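Colleague: This is the structure, below, for whatever I ask next.
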Amino acid sequence: MLNLLSKILALLPLRTVHILGAALGWCMSLVAQKSIGILRANLSVSGLFTDNTAFKNAVSINIKETGKSFLETLMIWQLPDAKAVSLVKACYGWEHVEQALAREKGLIFLTPHLGCYEITSVYYASKHPITVLFRPARQAGLNPLIEKGRTKGKVKLAPATTGGVRLLMQALKKGEAIGILPDQTPIKGEGEWAPFFGKPAYTMALAGKLAEKTGAAVIMAFGKRLAKGQGFEIHLHALDSGAIATPALLNQALEQQIKQCPEQYLWGYNRYKTSNDNFPSPESAS
């Protein structure tokens, strides 16, 4: 079903996809009360919208942006490489990439669930090779669609396993780039509890360890969704050496990035979950 939907969306203009996505987000808000509860709770914890009216507006906007994110991802997975890249209307901070490549120590892209996080690797891979860490879907039938959709241009995928981490290390040692979703909750034993907008979140340690071992440059990447389906802007921000040395520092860097465009962050993602057996509680970690 998703494969068919993806093919249909690829035939439509991005503006139409975003209109449909906003409508989907609104519809889901009526039936997926648990997800909307997480979205509201996480946005409240952030403290970014203290005024009641501003908070309600932020929730409403974020619901629509979440729907846009879902459908645009399916669309991009089916688009030919050149057409997907053409959706990028501007890229700010590319000089950081050129400087990193000149050092030949590798480049770590940190792409949080902010804006269109699929478009950043697609754009980079149209120019240079990049190995992207990914976690296979729980529904095995979706993996062919996901893997085909994400291996555009010079993208290589590395599963979130020991073997996948070796692939990331190999790419960095060759002076190439890797891509990581830094706000994705790691499995038990592969992260630490660290404050994220003031509340403990189980946070990956991998990105900091890779940076320390290789001396690779670290760049935060954000694909900003433009209004009225005009496309995307990619914003690249270089982080200082040691800026992600610990999960706590990594979360601080993420917070600063999210504050640039909080309405496009995936607040519905449950970063603070503790009920799953895969995750220790903050109390047991202290």
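Every chain in the structure tokens has a letter given in the order shown (A, B, ...), and although residue numbers restart at 1 in each chain, ligands are simply numbered from 1 in the order shown.
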Can you list every residue in segment 134-202 of chain A that DSSP puts in strand (DSSP E), as a VMD selection string?

Modeller: chain A and resid 134 155 to 159 177 to 180 191 to 196 199 to 202

Colleague: Mind writing the picked residues with N, CA and C atoms as an mmCIF file, in the first residue's frame?

Modeller:
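Ended up saving to part23.cif:
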```
data_model
loop_
_atom_site.group_PDB
_atom_site.id
_atom_site.type_symbol
_atom_site.label_atom_id
_atom_site.label_comp_id
_atom_site.auth_asym_id
_atom_site.auth_seq_id
_atom_site.Cartn_x
_atom_site.Cartn_y
_atom_site.Cartn_z
ATOM 1 N N PHE A 134 21.025 3.651 9.418
ATOM 2 C CA PHE A 134 19.570 3.544 9.457
ATOM 3 C C PHE A 134 19.168 2.320 10.267
ATOM 4 N N VAL A 155 24.610 7.486 -2.088
ATOM 5 C CA VAL A 155 24.263 7.085 -0.725
ATOM 6 C C VAL A 155 24.474 5.591 -0.538
ATOM 7 N N LYS A 156 25.136 5.228 0.555
ATOM 8 C CA LYS A 156 25.235 3.842 0.994
ATOM 9 C C LYS A 156 24.572 3.753 2.362
ATOM 10 N N LEU A 157 23.917 2.644 2.631
ATOM 11 C CA LEU A 157 23.239 2.477 3.909
ATOM 12 C C LEU A 157 24.038 1.568 4.836
ATOM 13 N N ALA A 158 24.036 1.912 6.111
ATOM 14 C CA ALA A 158 24.697 1.095 7.129
ATOM 15 C C ALA A 158 23.668 0.787 8.206
ATOM 16 N N PRO A 159 23.323 -0.473 8.401
ATOM 17 C CA PRO A 159 22.332 -0.814 9.424
ATOM 18 C C PRO A 159 22.857 -0.502 10.818
ATOM 19 N N ALA A 177 31.955 11.093 3.997
ATOM 20 C CA ALA A 177 30.940 11.563 4.938
ATOM 21 C C ALA A 177 30.063 10.420 5.422
ATOM 22 N N ILE A 178 29.528 10.598 6.622
ATOM 23 C CA ILE A 178 28.502 9.695 7.138
ATOM 24 C C ILE A 178 27.338 10.544 7.638
ATOM 25 N N GLY A 179 26.151 9.929 7.702
ATOM 26 C CA GLY A 179 24.972 10.637 8.175
ATOM 27 C C GLY A 179 24.317 9.893 9.325
ATOM 28 N N ILE A 180 23.939 10.628 10.372
ATOM 29 C CA ILE A 180 23.343 10.024 11.562
ATOM 30 C C ILE A 180 22.144 10.870 12.008
ATOM 31 N N GLY A 191 23.638 4.096 24.810
ATOM 32 C CA GLY A 191 23.411 5.511 25.048
ATOM 33 C C GLY A 191 23.506 5.847 26.524
ATOM 34 N N GLU A 192 23.203 7.086 26.833
ATOM 35 C CA GLU A 192 23.199 7.563 28.213
ATOM 36 C C GLU A 192 22.005 8.492 28.395
ATOM 37 N N TRP A 193 21.546 8.608 29.638
ATOM 38 C CA TRP A 193 20.496 9.564 29.941
ATOM 39 C C TRP A 193 21.118 10.948 30.041
ATOM 40 N N ALA A 194 20.552 11.896 29.296
ATOM 41 C CA ALA A 194 21.070 13.265 29.295
ATOM 42 C C ALA A 194 19.903 14.226 29.102
ATOM 43 N N PRO A 195 20.007 15.422 29.652
ATOM 44 C CA PRO A 195 18.903 16.389 29.532
ATOM 45 C C PRO A 195 18.658 16.787 28.080
ATOM 46 N N PHE A 196 17.395 16.779 27.711
ATOM 47 C CA PHE A 196 16.966 17.286 26.407
ATOM 48 C C PHE A 196 15.803 18.226 26.692
ATOM 49 N N LYS A 199 14.669 17.641 30.357
ATOM 50 C CA LYS A 199 14.103 16.374 30.797
ATOM 51 C C LYS A 199 14.994 15.229 30.315
ATOM 52 N N PRO A 200 15.252 14.204 31.158
ATOM 53 C CA PRO A 200 16.148 13.114 30.747
ATOM 54 C C PRO A 200 15.640 12.363 29.515
ATOM 55 N N ALA A 201 16.524 12.211 28.545
ATOM 56 C CA ALA A 201 16.223 11.456 27.327
ATOM 57 C C ALA A 201 17.382 10.504 27.069
ATOM 58 N N TYR A 202 17.072 9.277 26.732
ATOM 59 C CA TYR A 202 18.127 8.295 26.447
ATOM 60 C C TYR A 202 18.751 8.671 25.105
#
```

Colleague: What are the closest atom pairs, with distances in Å to one decimal, for each residue of segment 77-120 of chain A lying within 9 Å of segment 208-225 of chain A, using only C-alpha atoms, rows by chain and rising residue number, as CSV?

Modeller:
```
residue,atom,partner,partner_atom,distance
A:Val88,CA,A:Gly223,CA,8.5
A:Cys91,CA,A:Gly223,CA,9.0
A:His96,CA,A:Ile219,CA,7.7
A:Val97,CA,A:Ile219,CA,8.1
A:Gln99,CA,A:Ala217,CA,8.9
A:Ala100,CA,A:Ala217,CA,5.8
A:Leu101,CA,A:Ala217,CA,8.8
A:Arg103,CA,A:Ala217,CA,8.6
A:Glu104,CA,A:Ala216,CA,8.3
A:Lys105,CA,A:Ala216,CA,5.0
A:Gly106,CA,A:Ala216,CA,4.7
A:Leu107,CA,A:Ala217,CA,4.8
A:Ile108,CA,A:Val218,CA,4.8
A:Phe109,CA,A:Ile219,CA,5.0
A:Leu110,CA,A:Met220,CA,4.8
A:Thr111,CA,A:Ala221,CA,5.0
A:Pro112,CA,A:Phe222,CA,7.4
A:His113,CA,A:Phe222,CA,8.7
A:Leu114,CA,A:Phe222,CA,6.4
A:Gly115,CA,A:Lys224,CA,5.0
A:Cys116,CA,A:Gly223,CA,4.9
A:Tyr117,CA,A:Gly223,CA,5.8
A:Glu118,CA,A:Gly223,CA,8.0
A:Ile119,CA,A:Gly223,CA,6.4
A:Thr120,CA,A:Gly223,CA,6.0
```

Colleague: Generate the output file for the selected residues, N, CA and C atoms, as a PDB file, in the first residue's frame.

Modeller:
```
ATOM      1  N   VAL A  88      15.747  21.176  -3.900  1.00  0.00           N
ATOM      2  CA  VAL A  88      16.599  22.021  -3.052  1.00  0.00           C
ATOM      3  C   VAL A  88      16.840  23.346  -3.767  1.00  0.00           C
ATOM      4  N   CYS A  91      21.426  26.175  -0.610  1.00  0.00           N
ATOM      5  CA  CYS A  91      22.193  25.479   0.420  1.00  0.00           C
ATOM      6  C   CYS A  91      23.132  26.487   1.067  1.00  0.00           C
ATOM      7  N   HIS A  96      31.601  24.808   4.775  1.00  0.00           N
ATOM      8  CA  HIS A  96      32.024  23.915   5.857  1.00  0.00           C
ATOM      9  C   HIS A  96      32.319  22.514   5.307  1.00  0.00           C
ATOM     10  N   VAL A  97      31.556  22.102   4.322  1.00  0.00           N
ATOM     11  CA  VAL A  97      31.780  20.805   3.686  1.00  0.00           C
ATOM     12  C   VAL A  97      33.121  20.804   2.954  1.00  0.00           C
ATOM     13  N   GLN A  99      35.723  22.634   3.468  1.00  0.00           N
ATOM     14  CA  GLN A  99      36.825  22.667   4.433  1.00  0.00           C
ATOM     15  C   GLN A  99      37.051  21.290   5.057  1.00  0.00           C
ATOM     16  N   ALA A 100      35.954  20.599   5.357  1.00  0.00           N
ATOM     17  CA  ALA A 100      36.064  19.272   5.964  1.00  0.00           C
ATOM     18  C   ALA A 100      36.680  18.271   4.994  1.00  0.00           C
ATOM     19  N   LEU A 101      36.241  18.313   3.755  1.00  0.00           N
ATOM     20  CA  LEU A 101      36.784  17.390   2.762  1.00  0.00           C
ATOM     21  C   LEU A 101      38.272  17.635   2.535  1.00  0.00           C
ATOM     22  N   ARG A 103      40.409  18.481   4.715  1.00  0.00           N
ATOM     23  CA  ARG A 103      41.153  17.925   5.850  1.00  0.00           C
ATOM     24  C   ARG A 103      41.355  16.423   5.706  1.00  0.00           C
ATOM     25  N   GLU A 104      40.481  15.763   4.936  1.00  0.00           N
ATOM     26  CA  GLU A 104      40.567  14.322   4.649  1.00  0.00           C
ATOM     27  C   GLU A 104      40.471  13.451   5.899  1.00  0.00           C
ATOM     28  N   LYS A 105      39.739  13.935   6.909  1.00  0.00           N
ATOM     29  CA  LYS A 105      39.526  13.135   8.115  1.00  0.00           C
ATOM     30  C   LYS A 105      38.077  12.693   8.266  1.00  0.00           C
ATOM     31  N   GLY A 106      37.312  12.920   7.226  1.00  0.00           N
ATOM     32  CA  GLY A 106      35.920  12.506   7.269  1.00  0.00           C
ATOM     33  C   GLY A 106      34.996  13.600   7.753  1.00  0.00           C
ATOM     34  N   LEU A 107      33.724  13.341   7.589  1.00  0.00           N
ATOM     35  CA  LEU A 107      32.700  14.337   7.888  1.00  0.00           C
ATOM     36  C   LEU A 107      31.473  13.637   8.457  1.00  0.00           C
ATOM     37  N   ILE A 108      31.039  14.086   9.630  1.00  0.00           N
ATOM     38  CA  ILE A 108      29.863  13.510  10.282  1.00  0.00           C
ATOM     39  C   ILE A 108      28.712  14.502  10.175  1.00  0.00           C
ATOM     40  N   PHE A 109      27.684  14.136   9.396  1.00  0.00           N
ATOM     41  CA  PHE A 109      26.474  14.945   9.311  1.00  0.00           C
ATOM     42  C   PHE A 109      25.501  14.487  10.395  1.00  0.00           C
ATOM     43  N   LEU A 110      25.071  15.406  11.232  1.00  0.00           N
ATOM     44  CA  LEU A 110      24.038  15.129  12.215  1.00  0.00           C
ATOM     45  C   LEU A 110      22.748  15.772  11.718  1.00  0.00           C
ATOM     46  N   THR A 111      21.766  14.932  11.417  1.00  0.00           N
ATOM     47  CA  THR A 111      20.511  15.417  10.840  1.00  0.00           C
ATOM     48  C   THR A 111      19.358  15.025  11.751  1.00  0.00           C
ATOM     49  N   PRO A 112      18.929  15.910  12.633  1.00  0.00           N
ATOM     50  CA  PRO A 112      17.814  15.582  13.525  1.00  0.00           C
ATOM     51  C   PRO A 112      16.490  15.504  12.770  1.00  0.00           C
ATOM     52  N   HIS A 113      15.448  15.068  13.463  1.00  0.00           N
ATOM     53  CA  HIS A 113      14.114  14.978  12.863  1.00  0.00           C
ATOM     54  C   HIS A 113      13.516  16.379  12.751  1.00  0.00           C
ATOM     55  N   LEU A 114      14.130  17.179  11.926  1.00  0.00           N
ATOM     56  CA  LEU A 114      13.756  18.581  11.769  1.00  0.00           C
ATOM     57  C   LEU A 114      13.590  18.895  10.293  1.00  0.00           C
ATOM     58  N   GLY A 115      12.428  19.406   9.915  1.00  0.00           N
ATOM     59  CA  GLY A 115      12.179  19.699   8.512  1.00  0.00           C
ATOM     60  C   GLY A 115      12.182  18.430   7.681  1.00  0.00           C
ATOM     61  N   CYS A 116      12.728  18.536   6.469  1.00  0.00           N
ATOM     62  CA  CYS A 116      12.832  17.373   5.589  1.00  0.00           C
ATOM     63  C   CYS A 116      14.209  16.746   5.759  1.00  0.00           C
ATOM     64  N   TYR A 117      14.303  15.778   6.662  1.00  0.00           N
ATOM     65  CA  TYR A 117      15.608  15.186   6.936  1.00  0.00           C
ATOM     66  C   TYR A 117      16.038  14.197   5.861  1.00  0.00           C
ATOM     67  N   GLU A 118      15.130  13.819   4.952  1.00  0.00           N
ATOM     68  CA  GLU A 118      15.510  12.920   3.850  1.00  0.00           C
ATOM     69  C   GLU A 118      16.283  13.660   2.759  1.00  0.00           C
ATOM     70  N   ILE A 119      15.989  14.943   2.565  1.00  0.00           N
ATOM     71  CA  ILE A 119      16.545  15.656   1.416  1.00  0.00           C
ATOM     72  C   ILE A 119      18.026  15.985   1.588  1.00  0.00           C
ATOM     73  N   THR A 120      18.512  16.046   2.838  1.00  0.00           N
ATOM     74  CA  THR A 120      19.900  16.461   3.051  1.00  0.00           C
ATOM     75  C   THR A 120      20.899  15.460   2.484  1.00  0.00           C
TER      76      THR A 120
END
```

Colleague: Determine which residues of segment 107-195 of chain A DSSP labels as helix (DSSP H, G or I) from the backbone of this structure, then write them out as a PyMOL selection string.

Modeller: chain A and resi 117-125+140-150+162-173

Colleague: Quick one: residues within 9 Å of Tyr269 of chain A, only C-alpha atoms, excluding same-chain residues fewer than 6 positions away - as a list in words?

Modeller: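 With the cut-off at 9 Å, the set is Ser35, Ile38, Leu39, Asn42, His113 and Gln184 of chain A.
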
Colleague: For the atom pair atom CA of Leu266 of chain A and atom CA of Pro129 of chain A, what is the interatomic distance in Å to one decimal place?

Modeller: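 Rounded to one decimal, the two atoms are 27.0 Å apart.
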